[in-house]
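To start, the structure under review is shown below, and the notes come after it.
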Amino acid sequence: MQIELLYFEGCLSWQTGLKNLKSALQLEAIEAEVNLVNVQDEADAIRLEFLGSPSIRVNGVELWTEERDAFALSCRVYPISEGMKGWPTVEMLREKLRILAG
Amino acid sequence: MNNSRFASLLTWALVLGMFWTVVSRVSPDQSQVQTGSVPKEGFTAPDFTLGLLDGGEVTLSELQGKVVLVNFWTSWCPPCRKEMPAIESVYRSYKDIGLVVIGLNLTAQDSKPDVSAFVQEMGVTFPIALDINNAVGNLYRVTALPTSFFIDRKGVIRSVIVGGPMSEAVIQSKVEELLREDQ
């Protein structure tokens with residue numbers, strides 16, 4: 001399983017996203033390295049079709065995909081049960097990983 | 001049900017679906033008003049009422065007749081911070097001829113002291129609405145910050161920009177285009 005976490009240094013929420021991702025992988029007993037992809041500027045954002053920091057891709061597929069016409073640097077927010085946060089929760093990640101592990 | 005009958009029904013369902021998609025969109029050149037409120041270009045902007053940082057409140061539907069820029073932001077979001085001076089500059093230039101800017105802070109992910117400090121530091125003069133429970137963020141299906149909605153005089157969303165920072169030229173051109181349109 002190839003896992004990438006795309007982030008933008010300015011939005012510090014990616015660090016919590018990474019921590020949660022590592023916890024989810026451990027809890028699901030998935031051994032995989034997380035490859036960090038630093039989205040540095042708008043050109044990177046367009047090239048990588050960046051949906052905001054942090055975004056997580058498994059085998060090249062966005063875990064939370066959405067339609068966008070244009071791509072730019074942004075801080076991503078995720079709807080969670082208590083509202084919105086700048087990262088997906090461990091449970092949200094576990095659920096996605098379980099589906100992918102099939 | 002035989003295969004040809006099923007295929008025929010499926011075709012009709014697809015045709016009707018496509019027809020509905022086309023007729024339910026509001027063309028910028030038409031005076032037609034979309035009755036449904038969806039946070040997408042071509043649809044009526046979902047209404048909301050929020051408290052303001054400086055007291056009082058703002059209701060979007062009461063701003064019909066004005067061009068409205070709703071900018072979702074937080075103080076910890078670097079592209080939000082970067083584009084704020086450009087938004088402020090455009091606001092100052094056009095507020096007297098019909099532009100309203102609502103800086104919609106996702107306060108549930110921010111802190112009021114940080115918001116106040118940032119607004120003061122930047123010299124922001126447009127109203128800052130506080131979305132303390134993410135209700136409006138959810139209503140507008142905001143998935144990234146900043147996100148900006150450009151709303152015309154009829155209350156229809158005409159442009160959505162996700163991410164930033166928006167340049168002053170981009171904001172200005174979008175605002176000018178909407179201000180030129182008749183009420």
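Letters A, B, ... mark the chains of the structure tokens in the order given; residue numbers begin at 1 per chain; ligand numbers begin at 1, in order shown.
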
Could you give me, as a tab-separated table, every chain A residue with an atom at most 7 Å from chain B, plus its closest atom pair and distance in Å to one decimal, counting only C-alpha atoms, rows ordered by chain then number?
```
residue	atom	partner	partner_atom	distance
A:Gly10	CA	B:Pro78	CA	5.7
A:Cys11	CA	B:Cys77	CA	6.0
A:Gly52	CA	B:Ala144	CA	6.0
A:Ala72	CA	B:Gly163	CA	5.0
A:Leu73	CA	B:Gly163	CA	5.3
A:Ser74	CA	B:Gly163	CA	4.4
A:Cys75	CA	B:Leu145	CA	5.0
A:Arg76	CA	B:Ala144	CA	4.0
A:Val77	CA	B:Thr143	CA	4.9
A:Tyr78	CA	B:Thr143	CA	6.3
A:Gly83	CA	B:Asn134	CA	5.9
A:Met84	CA	B:Asn134	CA	6.8
A:Lys85	CA	B:Gln109	CA	6.7
```

Separation of atom CA of Asp69 of chain A from atom CA of Leu48 of chain A in Å: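 Interatomic distance, atom CA of Leu48 of chain A to atom CA of Asp69 of chain A: 13.3 Å.
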
For Tyr7 of chain A: contacts at 10 Å, only C-alpha atoms, fewer than 5 positions along chain excluded, given as a PyMOL selection string: chain A and resi 12-15+17-18+36-40+45+50-56+73-76

One-decimal distance in Å that lies between atom CA of Ser148 of chain B and atom CA of Val136 of chain B: 13.1 Å

Atom pair atom CA of Ala169 of chain B / atom CA of Glu42 of chain A: separation (Å):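 Spanning atom CA of Ala169 of chain B to atom CA of Glu42 of chain A is a straight-line distance of 16.7 Å.
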
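Shell of Ala129 of chain B at 10 Å, with only C-alpha atoms counted and residues fewer than 4 places along the chain excluded, is B:Thr49, B:Leu50, B:Gly51, B:Leu52, B:Leu53, B:Asp54, B:Gly55, B:Gly56, B:Glu57, B:Val58, B:Thr59, B:Val70, B:Asn71, B:Phe72, B:Ile102, B:Gly103, B:Leu104, B:Asn105, B:Leu106, B:Thr107.
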
Restricted to C-alpha atoms, what would the selected residues look like written as a JSON list (two decimals), in the first residue's frame?
```
[["chain", "number", "residue", "atom", "x", "y", "z"],
["B", 49, "THR", "CA", -27.73, 34.92, 10.21],
["B", 50, "LEU", "CA", -24.60, 35.24, 12.32],
["B", 51, "GLY", "CA", -23.35, 37.43, 15.13],
["B", 52, "LEU", "CA", -20.60, 39.91, 14.31],
["B", 53, "LEU", "CA", -17.28, 40.39, 16.06],
["B", 54, "ASP", "CA", -18.15, 44.01, 16.85],
["B", 55, "GLY", "CA", -21.68, 43.23, 17.97],
["B", 56, "GLY", "CA", -24.93, 43.05, 16.05],
["B", 57, "GLU", "CA", -25.61, 40.46, 13.41],
["B", 58, "VAL", "CA", -25.74, 39.98, 9.67],
["B", 59, "THR", "CA", -28.39, 38.18, 7.60],
["B", 70, "VAL", "CA", -18.45, 35.89, 1.63],
["B", 71, "ASN", "CA", -14.92, 34.89, 2.56],
["B", 72, "PHE", "CA", -14.49, 31.87, 4.87],
["B", 102, "ILE", "CA", -18.53, 39.34, 5.06],
["B", 103, "GLY", "CA", -15.39, 37.85, 6.58],
["B", 104, "LEU", "CA", -16.87, 34.60, 7.80],
["B", 105, "ASN", "CA", -14.63, 33.26, 10.51],
["B", 106, "LEU", "CA", -14.93, 29.55, 11.33],
["B", 107, "THR", "CA", -14.70, 30.40, 15.00]]
```
